[in-house]
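Dumped model03.cif below, it's mmCIF, C-alpha atoms and all ligand atoms:
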```
data_run
#
loop_
_atom_site.label_atom_id
_atom_site.label_comp_id
_atom_site.auth_asym_id
_atom_site.auth_seq_id
_atom_site.Cartn_x
_atom_site.Cartn_y
_atom_site.Cartn_z
CA MET M 1 35.19 -23.80 23.64
CA ARG M 2 34.63 -25.60 20.32
CA LYS M 3 36.12 -29.10 20.29
CA LYS M 4 38.44 -29.72 17.37
CA LEU M 5 37.09 -32.01 14.66
CA ILE M 6 39.21 -34.00 12.24
CA ALA M 7 37.30 -35.67 9.42
CA GLY M 8 38.80 -38.19 7.02
CA ASN M 9 37.13 -38.37 3.62
CA TRP M 10 38.24 -41.72 2.21
CA LYS M 11 36.43 -41.05 -1.08
CA MET M 12 36.20 -44.10 -3.38
CA ASN M 13 39.20 -45.89 -1.89
CA LEU M 14 40.04 -49.01 0.15
CA THR M 15 38.96 -52.62 0.02
CA LEU M 16 37.03 -53.93 3.00
CA ALA M 17 40.18 -55.45 4.49
CA ASP M 18 42.03 -52.12 4.18
CA ALA M 19 39.05 -50.22 5.56
CA TYR M 20 39.05 -52.46 8.65
CA LEU M 21 42.80 -51.96 9.07
CA LEU M 22 42.59 -48.18 8.84
CA ALA M 23 39.50 -47.82 11.05
CA GLY M 24 40.96 -50.32 13.52
CA GLY M 25 44.19 -48.34 13.70
CA VAL M 26 42.26 -45.13 14.44
CA MET M 27 40.09 -46.92 17.01
CA LYS M 28 43.16 -48.08 18.93
CA GLU M 29 44.20 -44.47 19.51
CA ALA M 30 40.77 -42.83 19.59
CA GLU M 31 40.47 -42.78 23.36
CA SER M 32 43.69 -40.84 23.80
CA PHE M 33 42.20 -37.77 22.06
CA ASP M 34 40.02 -36.15 24.71
CA HIS M 35 39.55 -32.79 23.03
CA THR M 36 39.10 -33.85 19.46
CA LYS M 37 36.25 -35.46 17.59
CA ILE M 38 37.23 -37.78 14.77
CA VAL M 39 34.85 -38.47 11.90
CA LEU M 40 35.74 -41.25 9.45
CA CYS M 41 33.89 -41.11 6.15
CA PRO M 42 34.39 -44.43 4.35
CA PRO M 43 32.63 -45.49 1.16
CA ALA M 44 28.94 -46.06 1.90
CA VAL M 45 29.13 -49.85 1.44
CA TRP M 46 31.54 -50.17 4.39
CA LEU M 47 29.56 -47.96 6.77
CA GLY M 48 27.28 -50.69 8.12
CA LEU M 49 30.16 -53.04 8.84
CA LEU M 50 32.34 -50.40 10.46
CA SER M 51 29.47 -49.07 12.54
CA GLU M 52 29.20 -52.46 14.27
CA HIS M 53 32.68 -51.83 15.70
CA THR M 54 32.37 -48.11 16.38
CA ILE M 55 29.17 -46.20 16.90
CA HIS M 56 27.06 -49.22 17.78
CA THR M 57 29.44 -50.32 20.55
CA LYS M 58 29.33 -46.77 22.02
CA GLN M 59 32.87 -47.49 23.20
CA PHE M 60 34.39 -44.40 21.56
CA PRO M 61 32.23 -41.33 22.22
CA ASP M 62 34.42 -39.05 20.11
CA LEU M 63 34.90 -41.37 17.15
CA HIS M 64 32.13 -41.01 14.59
CA LEU M 65 31.28 -42.27 11.15
CA GLY M 66 30.10 -40.07 8.33
CA ALA M 67 28.61 -40.77 4.92
CA GLN M 68 30.18 -39.02 1.94
CA ASN M 69 26.82 -38.08 0.48
CA MET M 70 23.12 -38.89 0.65
CA HIS M 71 19.84 -38.23 -1.15
CA PHE M 72 17.35 -35.90 0.50
CA LYS M 73 14.36 -38.23 0.02
CA GLU M 74 13.58 -41.00 2.50
CA SER M 75 12.92 -43.66 -0.14
CA GLY M 76 11.92 -44.12 -3.75
CA ALA M 77 13.06 -44.96 -7.25
CA TYR M 78 16.53 -43.38 -7.07
CA THR M 79 18.89 -46.08 -8.30
CA GLY M 80 22.28 -46.00 -6.65
CA GLU M 81 21.36 -43.44 -4.00
CA ILE M 82 21.25 -43.78 -0.22
CA SER M 83 18.57 -42.15 1.88
CA PRO M 84 18.79 -40.26 5.19
CA LEU M 85 16.91 -43.12 6.90
CA MET M 86 19.66 -45.51 5.78
CA VAL M 87 22.51 -43.16 6.67
CA LYS M 88 21.05 -42.56 10.11
CA GLU M 89 21.34 -46.24 11.04
CA VAL M 90 25.07 -46.41 10.36
CA ALA M 91 26.51 -42.90 10.60
CA GLU M 92 26.19 -39.70 12.59
CA TYR M 93 27.56 -37.24 10.04
CA VAL M 94 27.19 -36.68 6.33
CA ILE M 95 29.39 -34.67 3.97
CA LEU M 96 27.23 -32.48 1.75
CA GLY M 97 28.07 -30.34 -1.25
CA HIS M 98 31.58 -31.71 -1.78
CA SER M 99 32.99 -30.20 -4.96
CA GLU M 100 33.46 -33.68 -6.47
CA ARG M 101 29.68 -34.09 -6.16
CA THR M 102 28.88 -30.68 -7.57
CA HIS M 103 31.45 -30.84 -10.41
CA LEU M 104 31.52 -34.50 -11.44
CA PHE M 105 27.91 -35.38 -10.62
CA LYS M 106 26.35 -31.99 -11.29
CA GLU M 107 24.66 -31.51 -7.93
CA SER M 108 23.16 -28.04 -7.81
CA VAL M 109 23.21 -25.61 -4.91
CA ALA M 110 19.42 -26.12 -4.62
CA MET M 111 19.94 -29.87 -4.26
CA VAL M 112 22.61 -29.37 -1.61
CA GLY M 113 20.15 -27.11 0.24
CA GLU M 114 17.51 -29.87 0.18
CA LYS M 115 20.06 -32.37 1.47
CA LEU M 116 21.06 -30.00 4.25
CA ARG M 117 17.47 -29.61 5.44
CA SER M 118 16.90 -33.35 5.14
CA ALA M 119 20.00 -34.11 7.24
CA PHE M 120 18.74 -31.85 10.02
CA GLU M 121 15.25 -33.35 9.83
CA HIS M 122 16.77 -36.79 10.35
CA GLN M 123 19.21 -35.76 13.10
CA ILE M 124 22.29 -36.40 10.97
CA SER M 125 25.07 -33.82 11.46
CA PRO M 126 25.94 -32.21 8.14
CA ILE M 127 29.48 -31.28 7.15
CA LEU M 128 28.69 -28.66 4.54
CA CYS M 129 31.47 -28.04 2.00
CA ILE M 130 31.88 -24.67 0.42
CA GLY M 131 34.68 -23.16 -1.62
CA GLU M 132 35.60 -21.24 -4.73
CA ASP M 133 36.61 -22.87 -8.03
CA GLU M 134 39.37 -20.39 -8.70
CA LYS M 135 41.20 -17.94 -6.52
CA VAL M 136 40.09 -14.63 -7.98
CA ASP M 137 39.12 -11.26 -6.56
CA GLY M 138 35.71 -11.41 -4.98
CA SER M 139 35.76 -15.16 -4.34
CA ILE M 140 35.22 -14.72 -0.59
CA ARG M 141 32.12 -12.65 -1.33
CA LEU M 142 30.77 -15.38 -3.62
CA ILE M 143 31.40 -18.08 -1.01
CA ILE M 144 29.48 -16.12 1.60
CA GLN M 145 26.62 -15.42 -0.82
CA ARG M 146 26.30 -19.15 -1.56
CA LEU M 147 26.54 -19.98 2.13
CA ASN M 148 23.83 -17.46 3.05
CA HIS M 149 21.63 -18.95 0.37
CA LEU M 150 22.14 -22.44 1.82
CA LEU M 151 21.57 -21.32 5.40
CA ALA M 152 18.33 -19.47 4.65
CA GLY M 153 15.48 -21.02 6.61
CA LEU M 154 17.68 -22.89 9.10
CA SER M 155 17.08 -22.23 12.79
CA THR M 156 19.71 -20.64 15.02
CA GLU M 157 20.29 -24.02 16.70
CA GLN M 158 20.80 -25.70 13.34
CA VAL M 159 23.34 -23.10 12.25
CA GLU M 160 25.12 -23.46 15.59
CA SER M 161 25.37 -27.21 15.25
CA LEU M 162 26.53 -27.07 11.63
CA VAL M 163 30.04 -28.01 10.51
CA VAL M 164 31.17 -25.92 7.55
CA ALA M 165 34.21 -27.12 5.62
CA TYR M 166 35.94 -24.41 3.64
CA GLU M 167 37.46 -26.29 0.71
CA PRO M 168 38.86 -24.21 -2.13
CA VAL M 169 38.37 -26.40 -5.20
CA TRP M 170 41.81 -25.45 -6.56
CA ALA M 171 43.39 -26.92 -3.43
CA ILE M 172 41.63 -30.30 -3.40
CA GLY M 173 43.94 -33.15 -4.33
CA THR M 174 46.38 -30.78 -6.01
CA GLY M 175 49.16 -30.61 -3.43
CA ASN M 176 48.62 -26.85 -3.52
CA PRO M 177 46.85 -25.90 -0.28
CA ALA M 178 45.63 -22.43 0.66
CA THR M 179 47.91 -20.59 3.06
CA PRO M 180 46.71 -20.75 6.68
CA GLU M 181 46.29 -16.95 6.62
CA TYR M 182 44.04 -17.04 3.56
CA ALA M 183 42.03 -19.95 5.01
CA GLN M 184 41.63 -17.96 8.23
CA ALA M 185 40.45 -14.88 6.31
CA VAL M 186 37.71 -16.98 4.69
CA ALA M 187 36.91 -18.77 7.96
CA GLU M 188 36.48 -15.40 9.67
CA GLU M 189 33.83 -14.43 7.09
CA ILE M 190 32.15 -17.83 7.46
CA ARG M 191 32.11 -17.26 11.22
CA ARG M 192 30.37 -13.90 10.69
CA ALA M 193 27.78 -15.55 8.47
CA THR M 194 27.16 -18.41 10.93
CA SER M 195 27.78 -18.31 14.68
CA VAL M 196 30.39 -18.51 17.38
CA LYS M 197 29.39 -22.15 17.98
CA THR M 198 29.56 -23.32 14.36
CA ARG M 199 32.55 -25.55 13.66
CA ILE M 200 34.61 -24.43 10.69
CA LEU M 201 37.06 -26.80 9.01
CA TYR M 202 39.66 -26.28 6.33
CA GLY M 203 40.13 -28.88 3.60
CA GLY M 204 42.34 -29.14 0.50
CA SER M 205 45.76 -30.82 0.31
CA VAL M 206 46.15 -31.06 4.08
CA ASP M 207 49.15 -33.14 5.08
CA LEU M 208 51.27 -33.77 8.14
CA ALA M 209 53.56 -30.84 7.36
CA ASN M 210 50.87 -28.17 6.92
CA ALA M 211 48.08 -29.33 9.27
CA LYS M 212 49.31 -27.46 12.36
CA GLY M 213 49.38 -24.12 10.52
CA PHE M 214 45.65 -24.41 9.80
CA LEU M 215 44.74 -25.73 13.23
CA GLU M 216 46.42 -22.75 14.90
CA GLN M 217 44.10 -20.26 13.21
CA ALA M 218 41.49 -18.61 15.43
CA ASP M 219 38.45 -19.57 13.34
CA ILE M 220 39.58 -22.97 12.09
CA ASP M 221 38.28 -25.72 14.34
CA GLY M 222 39.48 -28.70 12.41
CA LEU M 223 40.23 -30.28 9.06
CA LEU M 224 38.54 -32.26 6.31
CA ILE M 225 41.28 -34.49 4.97
CA GLY M 226 41.21 -36.56 1.79
CA GLY M 227 44.41 -38.27 0.61
CA THR M 228 46.27 -38.00 3.93
CA SER M 229 43.38 -39.60 5.82
CA LEU M 230 44.31 -42.88 4.11
CA LYS M 231 47.75 -42.83 5.76
CA LEU M 232 47.13 -44.11 9.28
CA ASN M 233 50.24 -42.72 10.97
CA ASP M 234 49.98 -39.27 9.40
CA PHE M 235 46.27 -39.07 10.17
CA LEU M 236 46.82 -40.03 13.81
CA LYS M 237 49.65 -37.51 14.16
CA ILE M 238 47.34 -34.78 12.83
CA CYS M 239 44.65 -35.82 15.36
CA LYS M 240 47.28 -35.66 18.11
CA CYS M 241 48.36 -32.20 16.96
CA ALA M 242 44.71 -31.01 17.04
CA ASP M 243 44.27 -32.47 20.49
CA ASP M 244 47.46 -30.84 21.85
CA LEU M 245 46.37 -27.46 20.48
CA ALA M 246 42.90 -27.86 21.97
CA ILE M 247 44.44 -28.59 25.38
CA GLU M 248 46.68 -25.51 25.08
CA ASN M 249 43.70 -23.34 24.11
CA ASN M 250 41.58 -24.69 26.94
CA THR M 251 44.34 -23.96 29.46
CA ARG M 252 44.70 -20.41 28.12
CA TYR M 253 40.92 -19.91 28.18
CA TYR M 254 40.73 -21.24 31.73
CA LYS M 255 43.45 -18.85 32.89
CA ILE M 256 41.78 -15.86 31.20
CA SER M 257 38.31 -16.62 32.50
CA ASN M 258 39.51 -17.20 36.05
P1 LIG S 1 42.54 -33.75 -0.26
O1 LIG S 1 40.96 -33.82 -0.33
O2 LIG S 1 42.91 -33.66 1.20
O3 LIG S 1 43.00 -35.03 -0.89
O4 LIG S 1 42.96 -32.54 -1.00
C1 LIG S 1 40.16 -33.05 0.53
C2 LIG S 1 38.71 -33.29 0.24
O5 LIG S 1 38.36 -33.54 -0.92
O6 LIG S 1 37.86 -33.23 1.15
#
```
Rendering of file as structure tokens:
Amino acid sequence: MRKKLIAGNWKMNLTLADAYLLAGGVMKEAESFDHTKIVLCPPAVWLGLLSEHTIHTKQFPDLHLGAQNMHFKESGAYTGEISPLMVKEVAEYVILGHSERTHLFKESVAMVGEKLRSAFEHQISPILCIGEDEKVDGSIRLIIQRLNHLLAGLSTEQVESLVVAYEPVWAIGTGNPATPEYAQAVAEEIRRATSVKTRILYGGSVDLANAKGFLEQADIDGLLIGGTSLKLNDFLKICKCADDLAIENNTRYYKISN
């Protein structure tokens, strides 16, 4: 069974004091979620400090840190960028290809592909974002074409270990999420293009009221949450919901396979 994964993308938010408060609040509850991985993605400047309390203590095996982006090169004259060697010291995951990177900072699909390969080379787990700009006929086909292009050259093991976040651009930060059924239809195609082991997340205006609907879908293994990941109580309740569903699924699976 695929463990659920709830990732919080804090984007460019929170002072250091607030980042400590939020991460500390998640840490307090982290051990109660046995069937769910949690990945917090704070701004890069807070990663080193937070890692001292999380991944470096090894106290919370299912609580991880993720970077929101990285360069594919190991070092060089790239002002303002962070390299995989740097990310690797303070985080286990990295979000790649987020639409805010591709739209606002003009990252190309080719660049995202380079970052993806670089993440694997450096043993950083990529959370690869993919999604259509507008909901029009044929958008699922375009998503899968782009995904296939990005996956070309990856090994079976790499594809299996990948986390793909389906994030329709029209749903990000708009308060207008996809329906769970539509997200499942896309996730099903992503599953076909990847593997039974690949983790597929939904992201885009996820909140406490709609999270369960997505988590109940057969091919959706978790969520990539922006705005709501900054609200400690809502975020924890969503993690609890994911964990409860994972326990239910495991029980059902156990009964079927025995
Ligand atoms: P949102 O952002 O939950 O605020 O819509 C999601 C994301 O950008 O990953």
Given 12 Å and all atoms listed in the file, residues near ligand LIG 1 (chain S) as an MDAnalysis selection string: chainID M and resid 6:13 40:41 68 95:102 127:131 164:178 201:208 210:211 223:231 235
Report, in Å to a single decimal, how far apart atom CA of M:Leu104 and atom CA of M:Val39 are.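 Calculated distance between atom CA of M:Val39 and atom CA of M:Leu104 is 23.9 Å.
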Hey, what's within 8 Å of M:Arg191 if we count all atoms listed in the file and toss same-chain stuff fewer than 5 positions away? As an MDAnalysis selection string, please? chainID M and resid 196 198 200 219
Atom CA of M:Gln184 to atom CA of M:Ile140, distance in Å rounded to a single decimal: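 Distance reported for this atom pair: 11.4 Å.
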Residue with the minimum atom-to-atom distance to M:Pro61, picked from M:Thr36, M:Asn148, M:Ser83, M:Ser125 with all atoms listed in the file counted, is M:Thr36
Who sits within 12 Å of stretch 49-56 of chain M, all atoms listed in the file, same chain under 3 positions skipped, as a compact mmCIF listing (two decimals) with C-alpha atoms, keeping the file's coordinate frame:
```txt
# COMPACT_ATOMS: atom_id res chain seq x y z
CA LEU M 16 37.03 -53.93 3.00
CA ALA M 17 40.18 -55.45 4.49
CA ASP M 18 42.03 -52.12 4.18
CA ALA M 19 39.05 -50.22 5.56
CA TYR M 20 39.05 -52.46 8.65
CA LEU M 21 42.80 -51.96 9.07
CA LEU M 22 42.59 -48.18 8.84
CA ALA M 23 39.50 -47.82 11.05
CA GLY M 24 40.96 -50.32 13.52
CA VAL M 26 42.26 -45.13 14.44
CA MET M 27 40.09 -46.92 17.01
CA LYS M 28 43.16 -48.08 18.93
CA ALA M 30 40.77 -42.83 19.59
CA GLU M 31 40.47 -42.78 23.36
CA ILE M 38 37.23 -37.78 14.77
CA VAL M 39 34.85 -38.47 11.90
CA LEU M 40 35.74 -41.25 9.45
CA CYS M 41 33.89 -41.11 6.15
CA PRO M 42 34.39 -44.43 4.35
CA PRO M 43 32.63 -45.49 1.16
CA ALA M 44 28.94 -46.06 1.90
CA VAL M 45 29.13 -49.85 1.44
CA TRP M 46 31.54 -50.17 4.39
CA GLN M 59 32.87 -47.49 23.20
CA PHE M 60 34.39 -44.40 21.56
CA PRO M 61 32.23 -41.33 22.22
CA ASP M 62 34.42 -39.05 20.11
CA LEU M 63 34.90 -41.37 17.15
CA HIS M 64 32.13 -41.01 14.59
CA LEU M 65 31.28 -42.27 11.15
CA GLY M 66 30.10 -40.07 8.33
CA ALA M 67 28.61 -40.77 4.92
CA VAL M 87 22.51 -43.16 6.67
CA LYS M 88 21.05 -42.56 10.11
CA GLU M 89 21.34 -46.24 11.04
CA VAL M 90 25.07 -46.41 10.36
CA ALA M 91 26.51 -42.90 10.60
CA GLU M 92 26.19 -39.70 12.59
CA TYR M 93 27.56 -37.24 10.04
```
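Minimum atom-to-atom distances from M:Lys115, M:His103, M:His149, M:Lys237 to M:Asp133 were compared using all atoms listed in the file, and the lowest value belongs to M:His103.
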What's the separation between atom CA of M:Ser118 and atom CA of M:Glu188, in Å to one decimal place?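 That distance, rounded to one decimal, is 26.9 Å.
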